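S.K.: Input entry.txt, format and content: compact mmCIF, C-alpha atoms.
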# COMPACT_ATOMS: atom_id res chain seq x y z
CA MET E 22 76.35 131.24 74.03
CA ARG E 23 75.64 131.75 70.34
CA LYS E 24 71.97 131.03 70.89
CA ALA E 25 71.76 133.60 73.69
CA GLN E 26 73.62 136.16 71.55
CA ALA E 27 71.24 135.54 68.63
CA SER E 28 68.13 135.99 70.76
CA TRP E 29 69.58 139.16 72.33
CA GLU E 30 70.25 140.56 68.83
CA LYS E 31 66.64 139.85 67.85
CA ARG E 32 65.43 141.81 70.88
CA VAL E 33 67.66 144.78 70.15
CA LEU E 34 66.68 144.89 66.49
CA LYS E 35 63.00 144.55 67.34
CA SER E 36 63.35 147.48 69.72
CA LEU E 37 64.96 149.56 66.95
CA ASN E 38 62.34 148.63 64.36
CA SER E 39 59.46 149.36 66.71
CA MET E 40 60.99 152.75 67.52
CA SER E 41 61.05 153.49 63.79
CA THR E 42 57.40 152.44 63.42
CA GLU E 43 56.10 154.20 66.55
CA LEU E 44 57.86 157.48 65.82
CA GLY E 45 57.24 157.35 62.08
CA VAL E 46 60.97 157.88 61.48
CA PRO E 47 62.45 155.84 58.61
CA LEU E 48 65.60 153.79 59.29
CA ALA E 49 67.32 155.70 56.47
CA ARG E 50 66.45 158.57 54.16
CA MET E 51 68.24 160.69 51.59
CA ARG E 52 68.69 164.25 52.87
CA PRO E 53 67.30 167.00 50.63
CA ALA E 54 70.01 169.18 49.05
CA ALA E 55 69.38 172.14 51.40
CA GLU E 56 69.75 169.92 54.47
CA GLN E 57 72.95 168.39 53.08
CA LYS E 58 74.41 171.85 52.59
CA GLU E 59 73.42 172.93 56.09
CA LEU E 60 75.02 169.85 57.69
CA ALA E 61 78.23 170.28 55.65
CA ASN E 62 78.47 173.89 56.87
CA LYS E 63 78.03 173.07 60.53
CA TRP E 64 80.02 169.80 60.52
CA ASN E 65 82.53 171.18 63.04
CA GLU E 66 79.93 172.58 65.40
CA MET E 67 77.18 170.00 65.54
CA GLY E 68 77.13 170.39 69.33
CA THR E 69 75.44 173.79 68.95
CA ASP E 70 72.46 172.05 67.42
CA GLU E 71 69.63 171.26 69.80
CA PRO E 72 67.42 168.78 67.92
CA ASP E 73 64.36 167.57 69.82
CA LEU E 74 65.37 164.10 70.97
CA THR E 75 62.74 163.61 73.68
CA ARG E 76 61.00 160.88 71.68
CA PHE E 77 64.17 158.85 71.24
CA ARG E 78 65.38 156.53 73.94
CA PRO E 79 68.50 154.34 74.02
CA VAL E 80 67.80 150.92 72.47
CA TYR E 81 69.29 149.33 75.59
CA ALA E 82 71.47 150.14 78.58
CA PRO E 83 74.17 147.94 80.18
CA LYS E 84 71.78 146.84 82.95
CA ASP E 85 69.42 145.27 80.35
CA PHE E 86 72.36 143.36 78.90
CA LEU E 87 73.45 142.20 82.38
CA GLU E 88 70.03 140.55 82.93
CA VAL E 89 70.69 138.42 79.83
CA LEU E 90 74.12 137.36 81.15
CA ILE E 91 72.65 136.46 84.54
CA SER E 92 70.10 134.19 82.88
CA LEU E 93 72.74 132.20 80.92
CA ARG E 94 72.82 128.48 81.78
CA ASN E 95 74.71 125.58 80.25
CA PRO E 96 72.22 122.72 79.67
CA ASN E 97 75.08 120.16 79.51
CA HIS E 98 76.47 121.12 82.88
CA ASP E 99 75.49 119.22 86.01
CA SER E 100 75.94 121.69 88.84
CA SER E 101 75.66 118.91 91.44
CA GLU E 102 79.25 118.07 90.42
CA ASP E 103 80.32 121.40 91.92
CA VAL E 104 79.50 120.48 95.49
CA GLY E 105 83.19 120.04 96.31
CA VAL E 106 83.96 123.51 94.98
CA ARG E 107 83.04 126.37 97.27
CA SER E 108 79.57 127.39 96.10
CA HIS E 109 79.64 130.37 93.78
CA TRP E 110 77.86 133.35 95.33
CA GLY E 111 77.79 135.44 92.20
CA LEU E 112 75.23 136.06 89.49
CA ILE E 113 77.07 134.46 86.55
CA GLN E 114 76.21 130.77 86.43
CA VAL E 115 78.14 129.66 83.35
CA PRO E 116 81.13 127.40 84.11
CA LEU E 117 83.97 129.10 82.20
CA ASN E 118 87.66 128.79 83.00
CA VAL E 119 88.94 131.89 84.73
CA ARG E 120 92.37 132.52 86.20
CA ASP E 121 93.47 132.46 89.81
CA VAL E 122 96.00 134.94 91.21
CA PRO E 123 99.14 132.81 90.53
CA GLN E 124 98.05 132.54 86.87
CA LEU E 125 97.38 136.28 86.73
CA ARG E 126 100.84 136.96 88.20
CA GLN E 127 102.37 134.90 85.46
CA ALA E 128 100.33 136.54 82.71
CA TYR E 129 101.13 140.07 83.92
CA SER E 130 104.68 139.49 85.11
CA GLU E 131 105.83 142.88 83.74
CA LEU E 132 103.70 144.59 86.38
CA ASN E 133 105.73 143.16 89.26
CA LEU E 134 107.23 145.32 91.99
CA THR E 135 110.75 145.34 90.57
CA ASN E 136 109.76 146.84 87.21
CA GLY E 137 109.37 150.60 86.77
CA GLN E 138 105.74 151.47 86.01
CA LEU E 139 104.39 154.67 84.55
CA GLY E 140 101.53 155.51 86.83
CA ILE E 141 103.68 154.67 89.88
CA ASP E 142 107.26 155.56 89.14
CA ASP E 143 107.04 158.32 86.58
CA ASN E 144 110.75 158.30 85.89
CA ALA E 145 110.52 154.97 84.08
CA HIS E 146 112.55 155.52 80.90
CA ILE E 147 111.44 155.10 77.33
CA HIS E 148 113.62 153.50 74.74
CA PRO E 149 114.43 156.52 72.53
CA GLY E 150 114.52 154.57 69.26
CA LEU E 151 111.11 152.98 69.76
CA VAL E 152 109.07 155.56 67.88
CA ALA E 153 111.77 156.15 65.26
CA GLU E 154 111.91 152.43 64.42
CA GLN E 155 108.12 152.24 63.95
CA ASP E 156 108.18 148.79 65.55
CA SER E 157 104.63 147.80 66.47
CA ALA E 158 105.55 144.72 68.55
CA ALA E 159 108.18 146.64 70.54
CA ALA E 160 105.68 149.47 71.18
CA GLN E 161 103.15 146.93 72.45
CA GLN E 162 105.68 145.33 74.79
CA TYR E 163 106.67 148.80 76.02
CA SER E 164 103.05 149.81 76.65
CA ARG E 165 102.77 147.09 79.33
CA GLN E 166 104.67 149.39 81.66
CA GLY E 167 102.73 152.48 80.64
CA CYS E 168 103.25 155.13 77.95
CA PRO E 169 104.58 158.63 78.68
CA THR E 170 101.89 161.26 78.08
CA GLY E 171 103.84 162.96 75.28
CA LEU E 172 104.33 159.74 73.32
CA ARG E 173 101.13 157.85 74.05
CA ALA E 174 99.26 158.98 70.93
CA GLU E 175 102.11 157.88 68.68
CA LEU E 176 102.74 154.58 70.49
CA TRP E 177 99.05 153.62 70.42
CA GLY E 178 98.91 154.45 66.70
CA LEU E 179 101.92 152.16 66.20
CA ILE E 180 100.44 149.29 68.22
CA LEU E 181 97.13 149.54 66.36
CA ASN E 182 98.77 150.09 62.95
CA SER E 183 96.73 153.30 62.61
CA THR E 184 99.18 155.37 60.64
CA ASN E 185 96.77 157.89 59.08
CA GLN E 186 98.01 157.41 55.52
CA PRO E 187 96.42 159.47 52.69
CA GLN E 188 94.07 156.54 51.97
CA ASP E 189 92.86 156.60 55.61
CA VAL E 190 92.12 160.31 55.35
CA MET E 191 90.28 159.68 52.08
CA HIS E 192 88.26 156.85 53.62
CA TYR E 193 87.23 159.15 56.49
CA GLU E 194 86.19 161.85 54.01
CA GLN E 195 84.06 159.30 52.12
CA LEU E 196 82.33 158.30 55.36
CA LYS E 197 81.70 161.96 56.13
CA ALA E 198 80.15 162.40 52.67
CA GLY E 199 77.90 159.40 53.43
CA VAL E 200 76.72 161.04 56.67
CA ILE E 201 75.92 164.27 54.83
CA GLN E 202 73.98 162.42 52.12
CA HIS E 203 71.84 160.10 54.25
CA ASP E 204 70.10 160.51 57.55
CA LEU E 205 69.82 157.32 59.65
CA LEU E 206 67.57 156.64 62.62
CA VAL E 207 70.65 155.59 64.61
CA ASP E 208 72.01 159.13 64.19
CA ASN E 209 69.39 160.23 66.70
CA LEU E 210 70.56 157.53 69.12
CA ILE E 211 74.13 158.80 68.72
CA TYR E 212 73.10 162.43 69.38
CA LYS E 213 71.06 161.34 72.37
CA ASP E 214 73.89 159.22 73.79
CA VAL E 215 76.45 162.02 73.55
CA LYS E 216 73.98 164.44 75.17
CA LEU E 217 73.26 161.99 78.02
CA THR E 218 76.86 161.01 78.72
CA ALA E 219 79.88 162.96 77.43
CA SER E 220 78.09 166.34 77.34
CA ASN E 221 77.48 166.06 81.09
CA ASP E 222 81.02 164.93 81.90
CA ASP E 223 83.50 167.43 83.34
CA TYR E 224 86.35 165.91 81.34
CA TYR E 225 84.70 165.24 78.02
CA PHE E 226 82.02 167.86 77.30
CA VAL E 227 84.53 169.93 75.28
CA PHE E 228 84.83 167.09 72.75
CA GLU E 229 81.14 166.95 71.88
CA ASP E 230 81.67 167.87 68.20
CA PHE E 231 84.45 165.31 67.74
CA LEU E 232 82.23 162.62 69.25
CA TYR E 233 79.40 163.30 66.78
CA GLN E 234 81.80 163.26 63.84
CA VAL E 235 83.51 160.00 64.82
CA MET E 236 80.35 158.16 65.85
CA LEU E 237 78.33 159.19 62.80
CA CYS E 238 81.16 158.13 60.46
CA PHE E 239 81.62 154.88 62.40
CA SER E 240 77.97 153.93 61.87
CA ARG E 241 78.50 154.10 58.06
CA ASP E 242 81.80 152.21 57.95
CA THR E 243 81.38 148.80 56.34
CA VAL E 244 85.05 147.93 57.14
CA VAL E 245 83.77 147.31 60.70
CA LEU E 246 81.80 144.32 59.33
CA GLU E 247 85.10 142.43 59.00
CA HIS E 248 85.24 141.88 62.76
CA PHE E 249 82.10 139.72 62.66
CA LYS E 250 84.33 136.95 61.32
CA TYR E 251 85.69 136.53 64.87
CA ASN E 252 82.78 137.94 66.84
CA SER E 253 80.02 135.73 68.28
CA ALA E 254 77.56 138.38 67.08
CA THR E 255 76.10 138.74 63.59
CA PRO E 256 75.31 142.11 62.03
CA PRO E 257 71.63 143.12 62.25
CA ARG E 258 69.64 143.16 59.02
CA SER E 259 66.60 145.22 58.28
CA TYR E 260 64.41 146.37 55.39
CA ILE E 261 64.66 149.82 53.87
CA GLN E 262 63.10 151.40 50.76
CA GLY E 263 64.91 150.45 47.58
CA LYS E 264 66.35 153.10 45.26
CA ALA E 265 63.21 153.09 43.12
CA GLY E 266 61.21 153.63 46.31
CA ASP E 267 58.69 150.93 45.40
CA GLN E 268 60.24 147.76 46.82
CA GLU E 269 62.00 147.14 50.12
CA CYS E 270 65.42 145.53 50.23
CA GLU E 271 67.20 143.76 53.07
CA VAL E 272 70.42 145.42 54.19
CA VAL E 273 72.80 145.35 57.14
CA TYR E 274 71.57 148.14 59.41
CA PRO E 275 73.27 150.28 60.48
CA PRO E 276 75.89 149.75 57.72
CA ASN E 277 78.68 148.97 60.23
CA GLY E 278 76.53 146.29 61.93
CA VAL E 279 76.74 147.91 65.40
CA ILE E 280 73.65 149.33 67.12
CA PRO E 281 74.86 151.90 69.67
CA PHE E 282 73.68 151.50 73.29
CA HIS E 283 73.58 153.89 76.24
CA GLY E 284 77.18 154.92 76.99
CA PHE E 285 78.68 153.82 73.65
CA SER E 286 80.18 157.25 72.92
CA MET E 287 82.35 156.89 76.04
CA TYR E 288 84.54 154.42 74.10
CA VAL E 289 85.56 157.38 71.92
CA ALA E 290 85.71 160.20 74.48
CA PRO E 291 89.10 159.42 76.15
CA LEU E 292 90.80 159.17 72.75
CA CYS E 293 89.91 162.82 72.10
CA PHE E 294 92.61 163.74 74.62
CA LEU E 295 95.20 162.06 72.38
CA TYR E 296 94.18 162.97 68.84
CA ASN E 297 92.89 166.27 67.54
CA GLU E 298 92.81 165.27 63.89
CA PRO E 299 89.43 163.63 63.19
CA SER E 300 90.69 161.06 60.66
CA LYS E 301 93.43 159.86 63.06
CA LEU E 302 91.06 159.84 66.04
CA TYR E 303 88.63 157.87 63.91
CA SER E 304 91.06 155.18 62.76
CA VAL E 305 92.42 154.62 66.30
CA PHE E 306 88.89 154.32 67.72
CA ARG E 307 87.77 151.91 65.01
CA GLU E 308 90.80 149.71 65.64
CA MET E 309 90.24 149.79 69.44
CA TYR E 310 86.61 148.81 68.85
CA ILE E 311 87.26 145.87 66.53
CA ARG E 312 90.06 144.56 68.76
CA TYR E 313 88.70 145.10 72.28
CA PHE E 314 85.49 147.00 72.85
CA PHE E 315 83.14 144.76 70.84
CA ARG E 316 83.84 141.94 73.31
CA LEU E 317 82.42 144.05 76.14
CA HIS E 318 78.90 144.01 74.72
CA SER E 319 78.57 140.62 73.01
CA ILE E 320 77.92 137.21 74.57
CA SER E 321 80.77 134.76 74.04
CA SER E 322 83.03 132.37 75.92
CA SER E 323 86.14 134.32 74.89
CA PRO E 324 88.57 134.84 77.81
CA SER E 325 88.44 138.60 77.02
CA GLY E 326 84.67 138.58 76.65
CA ILE E 327 82.32 140.25 79.10
CA VAL E 328 80.96 136.93 80.49
CA SER E 329 84.48 135.76 81.44
CA LEU E 330 85.30 139.19 82.89
CA CYS E 331 82.18 139.12 85.06
CA LEU E 332 82.88 135.61 86.30
CA GLN E 333 86.53 136.48 86.96
CA PHE E 334 85.43 139.55 88.94
CA GLU E 335 83.02 137.52 91.08
CA ARG E 336 85.46 134.64 91.68
CA LEU E 337 88.31 136.94 92.75
CA LEU E 338 86.03 138.96 95.00
CA GLN E 339 84.67 135.83 96.65
CA ALA E 340 88.16 134.33 97.11
CA HIS E 341 89.95 137.45 98.36
CA LEU E 342 87.31 139.67 99.94
CA PRO E 343 84.67 137.15 101.08
CA GLN E 344 83.35 139.26 103.98
CA LEU E 345 82.81 142.18 101.66
CA PHE E 346 81.05 140.01 99.06
CA TYR E 347 78.86 138.46 101.74
CA HIS E 348 78.03 141.83 103.31
CA LEU E 349 77.03 143.35 99.95
CA ARG E 350 74.90 140.32 99.08
CA GLN E 351 73.13 140.39 102.44
CA ASN E 352 72.29 144.02 101.82
CA GLY E 353 70.79 143.23 98.44
CA ALA E 354 73.68 144.76 96.48
CA GLN E 355 75.21 142.08 94.29
CA PRO E 356 78.74 143.36 93.56
CA LEU E 357 78.46 142.62 89.84
CA ARG E 358 75.39 144.85 89.56
CA ILE E 359 77.56 147.69 90.83
CA ALA E 360 80.64 146.95 88.72
CA PHE E 361 79.03 145.87 85.45
CA LYS E 362 78.46 149.34 84.01
CA TRP E 363 82.14 150.16 84.65
CA MET E 364 83.35 147.03 82.88
CA VAL E 365 81.09 147.44 79.84
CA ARG E 366 82.53 150.92 79.30
CA ALA E 367 86.12 149.80 80.10
CA PHE E 368 85.87 152.30 83.00
CA SER E 369 85.53 155.30 80.68
CA GLY E 370 83.71 158.11 82.46
CA TYR E 371 84.32 156.52 85.87
CA LEU E 372 88.09 156.77 86.37
CA SER E 373 89.90 160.08 86.00
CA THR E 374 91.25 160.39 82.45
CA ASP E 375 94.94 160.12 83.35
CA GLN E 376 94.25 156.86 85.24
CA LEU E 377 92.00 155.54 82.48
CA LEU E 378 94.70 156.08 79.86
CA LEU E 379 97.25 154.25 82.06
CA LEU E 380 94.79 151.35 82.31
CA TRP E 381 94.17 151.37 78.54
CA ASP E 382 97.97 151.37 77.98
CA ARG E 383 97.95 147.92 79.56
CA ILE E 384 94.90 146.77 77.57
CA LEU E 385 96.86 147.54 74.39
CA GLY E 386 100.10 146.19 75.85
CA TYR E 387 98.57 142.83 76.80
CA ASP E 388 96.13 142.81 73.87
CA SER E 389 93.27 142.06 76.23
CA SER E 390 90.74 143.83 78.40
CA TYR E 391 91.30 141.18 81.07
CA LEU E 392 93.10 143.60 83.38
CA CYS E 393 90.10 145.82 83.49
CA PHE E 394 89.07 145.63 87.10
CA LEU E 395 91.92 144.21 89.16
CA PHE E 396 92.52 147.54 90.87
CA LEU E 397 89.21 147.11 92.72
CA PHE E 398 90.69 144.31 94.83
CA HIS E 399 93.01 145.99 97.25
CA LYS E 400 92.98 144.61 100.77
CA HIS E 401 91.97 147.94 102.27
CA THR E 402 88.66 147.63 100.52
CA HIS E 403 86.55 147.37 103.66
CA THR E 404 82.87 147.86 103.40
CA HIS E 405 82.72 151.54 104.31
CA THR E 406 85.65 152.49 102.06
CA LEU E 407 84.22 150.43 99.22
CA GLN E 408 80.95 152.32 99.44
CA ALA E 409 82.84 155.60 99.14
CA VAL E 410 84.86 154.19 96.22
CA LEU E 411 81.74 152.88 94.50
CA ALA E 412 80.22 156.33 94.63
CA ASP E 413 83.28 157.84 92.98
CA LEU E 414 86.09 155.92 91.29
CA SER E 415 87.70 159.12 90.08
CA THR E 416 90.12 159.33 93.02
CA LEU E 417 91.61 155.86 92.50
CA LYS E 418 95.19 155.34 91.36
CA VAL E 419 94.95 152.30 89.16
CA MET E 420 98.47 150.91 88.76
CA PRO E 421 99.56 150.87 92.43
CA LEU E 422 96.33 149.04 93.29
CA ILE E 423 96.81 146.39 90.58
CA GLN E 424 100.42 145.91 91.66
CA ILE E 425 99.55 145.59 95.35
CA PHE E 426 96.77 143.11 94.65
CA LEU E 427 98.81 140.90 92.33
CA PHE E 428 102.30 141.11 93.78
CA ALA E 429 102.22 142.42 97.35
CA THR E 430 99.37 140.42 98.83
CA ALA E 431 99.87 137.04 100.45
CA ILE E 432 97.71 134.54 98.65
Give the structure from the file, written as structure tokens.
M.R.:
Amino acid sequence: MRKAQASWEKRVLKSLNSMSTELGVPLARMRPAAEQKELANKWNEMGTDEPDLTRFRPVYAPKDFLEVLISLRNPNHDSSEDVGVRSHWGLIQVPLNVRDVPQLRQAYSELNLTNGQLGIDDNAHIHPGLVAEQDSAAAQQYSRQGCPTGLRAELWGLILNSTNQPQDVMHYEQLKAGVIQHDLLVDNLIYKDVKLTASNDDYYFVFEDFLYQVMLCFSRDTVVLEHFKYNSATPPRSYIQGKAGDQECEVVYPPNGVIPFHGFSMYVAPLCFLYNEPSKLYSVFREMYIRYFFRLHSISSSPSGIVSLCLQFERLLQAHLPQLFYHLRQNGAQPLRIAFKWMVRAFSGYLSTDQLLLLWDRILGYDSSYLCFLFLFHKHTHTHTLQAVLADLSTLKVMPLIQIFLFATAI
């Protein structure tokens, strides 16, 4: 897994470096004073800017990453031993342990039919002292049954320990100053990504300025490097001109160690509904990223990692909707190829925002993105309805579907 991750990183970095060379755009440059002043003045309305981004293309898209996951093989594994097991029809060929439905029922017992769930029974009551007590663990436990709209922002902040103290505000202001001082090549990728995704989305286009601010600051934030201690990935390194301008020096690039890909800004977009103060929005997003989202675009054997999620998706589909799986395969549409882009983005931009936030409540509540796709497995998913659903997930009601699949279906 580590070897595959390392070779993928090399490819991504090579792509970034060759873009820099081909376009003659340096990886980083100091902005002249006039440009700094101009950016500082229009910081809150960067969306009005129309820079020419035609030459820039995303470094990679989820489908490129999926090809790497499909090619993963374990050289120590003898697949002839699997003859007794029903042959796996899916694309992921790495033998990882994934859960069956009884294990999922146990893991997500709070979602059973006897418990009130926000997203199903909207009269489920909140413990009034929860927010007052500032108890992170209690907030997390509570979030498993969904957060009320009016309290979600505060409960998520509690769970993530994002309290927006004066030092957090100061840190955000320092990052902002860094953006104003230096122009990075990845800034163009961020602009381009927001223009290609959120700006065209009926829900999110109004947040365009917030997205630029958060993403540009994120790219400069070296605190993000901490998460590489428990990430299978390593931060990319590149050469930029030294201060004297005569020698090159090797640095982590971009400074946060994360090269944005097509759709990356959609991790931030839903949070804009909850937080209208940039420093608070920023600290919640950063915490969500270093806890959950990074696992959706790095290769690892973590149970919450994207490889496990893909394998879990294929195994459940094959076990519970075999005709559907077979039909899609026969028609040249491997189910994972359809679902992968949803999973990489934790369904952001695909589900309606109210449903997405109910799903993310449970990701925070269970401290895992493992729940991410269970609502796709309801028994009424026949081929023709699935095709309609695949075209548009925005009509789905997530929590009833997860509940029905886990607790109201005979296994």
S.K.: Have a look at atom CA of E:Arg312 and atom CA of E:Phe285 and let me know their distance in Å, one decimal.
M.R.: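 Taking atom CA of E:Arg312 as the start and atom CA of E:Phe285 as the end point, the length is 15.5 Å.
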S.K.: State, in Å with one decimal place, the distance from atom CA of E:Asn62 to atom CA of E:Tyr233.
M.R.: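 Calculated distance between atom CA of E:Asn62 and atom CA of E:Tyr233 is 14.5 Å.
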S.K.: Looking at E:Lys58, E:Arg366, E:Arg241, E:Arg32, which one is nearest to E:Pro276, with distances taken over all atoms listed in the file?
M.R.: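 Of E:Lys58, E:Arg366, E:Arg241, E:Arg32, the one nearest E:Pro276, counting all atoms listed in the file, is E:Arg241.
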S.K.: Would you list the contacts of E:Gln57 as a PyMOL selection string, taking every protein, DNA or RNA residue within 12 Å and counting all atoms listed in the file, but skipping same-chain residues closer than 3 positions in sequence?
M.R.: chain E and resi 50-54+60-64+197-204
S.K.: Please provide as a ChimeraX atom specification all residues within 9 Å of E:Leu37, with the sequence filter that same-chain residues fewer than 3 positions apart are discarded (counting only C-alpha atoms).
M.R.: /E:32-34,40-42,48,80,206-207,280
S.K.: Pick out the closest residue to E:Val305 from this set: E:Leu181, E:Val190, E:Val119, E:Ala354. Count all atoms listed in the file.
M.R.: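 Ranking E:Leu181, E:Val190, E:Val119, E:Ala354 by distance to E:Val305, first place goes to E:Leu181.
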S.K.: Skip E:Gln188 itself and residues of its chain fewer than 6 positions away, then list as an MDAnalysis selection string all residues within 12 Å of it, counting only C-alpha atoms.
M.R.: chainID E and resid 194:195 300:301 304
S.K.: Which one is closest to E:Tyr387: E:Thr374, E:Ser130, E:Gln155, E:Thr135? Count all atoms listed in the file.
M.R.: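 Smallest distance to E:Tyr387 is found for E:Ser130.
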S.K.: Any idea what's packed within 7 Å of E:Arg383, counting only C-alpha atoms, ignoring anything in its chain fewer than 2 positions away? Could you give it as number ranges by chain?
M.R.: E: 164-165, 167, 379-381, 385-387
S.K.: For E:Leu237, which residue out of E:Asn38, E:Asn277, E:Ser157, E:Asn118 is the nearest one, using only C-alpha atoms?
M.R.: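 Using only C-alpha atoms, the shortest distance to E:Leu237 belongs to E:Asn277.
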S.K.: Restricting the calculation to all atoms listed in the file: of E:Gln234, E:Ser390, E:Gln376, E:Ser369, which residue gets closest to E:Leu196?
M.R.: E:Gln234
S.K.: Identify the residues around (90.7, 147.7, 84.8) within a radius of 12 Å, measuring from all atoms listed in the file in the coordinates stated by the file, and give them as an mmCIF file with C-alpha atoms, in the frame of the given file.
M.R.:
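Wrote out_19.cif, looks like this:
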data_model
loop_
_atom_site.group_PDB
_atom_site.id
_atom_site.type_symbol
_atom_site.label_atom_id
_atom_site.label_comp_id
_atom_site.auth_asym_id
_atom_site.auth_seq_id
_atom_site.Cartn_x
_atom_site.Cartn_y
_atom_site.Cartn_z
ATOM 1 C CA LEU E 330 85.300 139.190 82.890
ATOM 2 C CA PHE E 334 85.430 139.550 88.940
ATOM 3 C CA ALA E 360 80.640 146.950 88.720
ATOM 4 C CA PHE E 361 79.030 145.870 85.450
ATOM 5 C CA TRP E 363 82.140 150.160 84.650
ATOM 6 C CA MET E 364 83.350 147.030 82.880
ATOM 7 C CA VAL E 365 81.090 147.440 79.840
ATOM 8 C CA ARG E 366 82.530 150.920 79.300
ATOM 9 C CA ALA E 367 86.120 149.800 80.100
ATOM 10 C CA PHE E 368 85.870 152.300 83.000
ATOM 11 C CA SER E 369 85.530 155.300 80.680
ATOM 12 C CA TYR E 371 84.320 156.520 85.870
ATOM 13 C CA LEU E 372 88.090 156.770 86.370
ATOM 14 C CA GLN E 376 94.250 156.860 85.240
ATOM 15 C CA LEU E 377 92.000 155.540 82.480
ATOM 16 C CA LEU E 378 94.700 156.080 79.860
ATOM 17 C CA LEU E 379 97.250 154.250 82.060
ATOM 18 C CA LEU E 380 94.790 151.350 82.310
ATOM 19 C CA TRP E 381 94.170 151.370 78.540
ATOM 20 C CA ASP E 382 97.970 151.370 77.980
ATOM 21 C CA ARG E 383 97.950 147.920 79.560
ATOM 22 C CA ILE E 384 94.900 146.770 77.570
ATOM 23 C CA SER E 389 93.270 142.060 76.230
ATOM 24 C CA SER E 390 90.740 143.830 78.400
ATOM 25 C CA TYR E 391 91.300 141.180 81.070
ATOM 26 C CA LEU E 392 93.100 143.600 83.380
ATOM 27 C CA CYS E 393 90.100 145.820 83.490
ATOM 28 C CA PHE E 394 89.070 145.630 87.100
ATOM 29 C CA LEU E 395 91.920 144.210 89.160
ATOM 30 C CA PHE E 396 92.520 147.540 90.870
ATOM 31 C CA LEU E 397 89.210 147.110 92.720
ATOM 32 C CA PHE E 398 90.690 144.310 94.830
ATOM 33 C CA LEU E 414 86.090 155.920 91.290
ATOM 34 C CA LEU E 417 91.610 155.860 92.500
ATOM 35 C CA LYS E 418 95.190 155.340 91.360
ATOM 36 C CA VAL E 419 94.950 152.300 89.160
ATOM 37 C CA MET E 420 98.470 150.910 88.760
ATOM 38 C CA LEU E 422 96.330 149.040 93.290
ATOM 39 C CA ILE E 423 96.810 146.390 90.580
#
S.K.: Find the residue from E:Tyr212, E:Tyr260, E:Phe346, E:Phe226 that sits nearest to E:Cys293; use all atoms listed in the file when measuring.
M.R.: E:Phe226
S.K.: Report, in Å with one decimal, the straight-line distance from atom CA of E:Tyr129 to atom CA of E:Pro83.
M.R.: 28.3 Å
S.K.: For stretch 359-370 of chain E, supply N, CA and C atoms and report the output as a compact mmCIF listing (two decimals), in the frame of the given file.
M.R.:
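Here's the written file selection13.txt:
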# COMPACT_ATOMS: atom_id res chain seq x y z
N ILE E 359 76.90 146.39 90.65
CA ILE E 359 77.56 147.69 90.83
C ILE E 359 78.65 147.87 89.78
N ALA E 360 79.44 146.82 89.56
CA ALA E 360 80.64 146.95 88.72
C ALA E 360 80.38 146.79 87.23
N PHE E 361 79.25 146.23 86.86
CA PHE E 361 79.03 145.87 85.45
C PHE E 361 79.12 147.08 84.53
N LYS E 362 78.47 148.18 84.92
CA LYS E 362 78.46 149.34 84.01
C LYS E 362 79.87 149.88 83.80
N TRP E 363 80.74 149.72 84.82
CA TRP E 363 82.14 150.16 84.65
C TRP E 363 82.84 149.28 83.62
N MET E 364 82.63 147.97 83.75
CA MET E 364 83.35 147.03 82.88
C MET E 364 82.90 147.16 81.42
N VAL E 365 81.59 147.33 81.21
CA VAL E 365 81.09 147.44 79.84
C VAL E 365 81.71 148.64 79.14
N ARG E 366 81.95 149.71 79.89
CA ARG E 366 82.53 150.92 79.30
C ARG E 366 84.05 150.97 79.47
N ALA E 367 84.67 149.85 79.85
CA ALA E 367 86.12 149.80 80.10
C ALA E 367 86.54 150.95 81.01
N PHE E 368 85.65 151.28 81.97
CA PHE E 368 85.87 152.30 83.00
C PHE E 368 85.87 153.74 82.49
N SER E 369 85.56 153.94 81.22
CA SER E 369 85.53 155.30 80.68
C SER E 369 84.39 156.09 81.31
N GLY E 370 84.71 157.27 81.80
CA GLY E 370 83.71 158.11 82.46
C GLY E 370 83.62 157.84 83.95
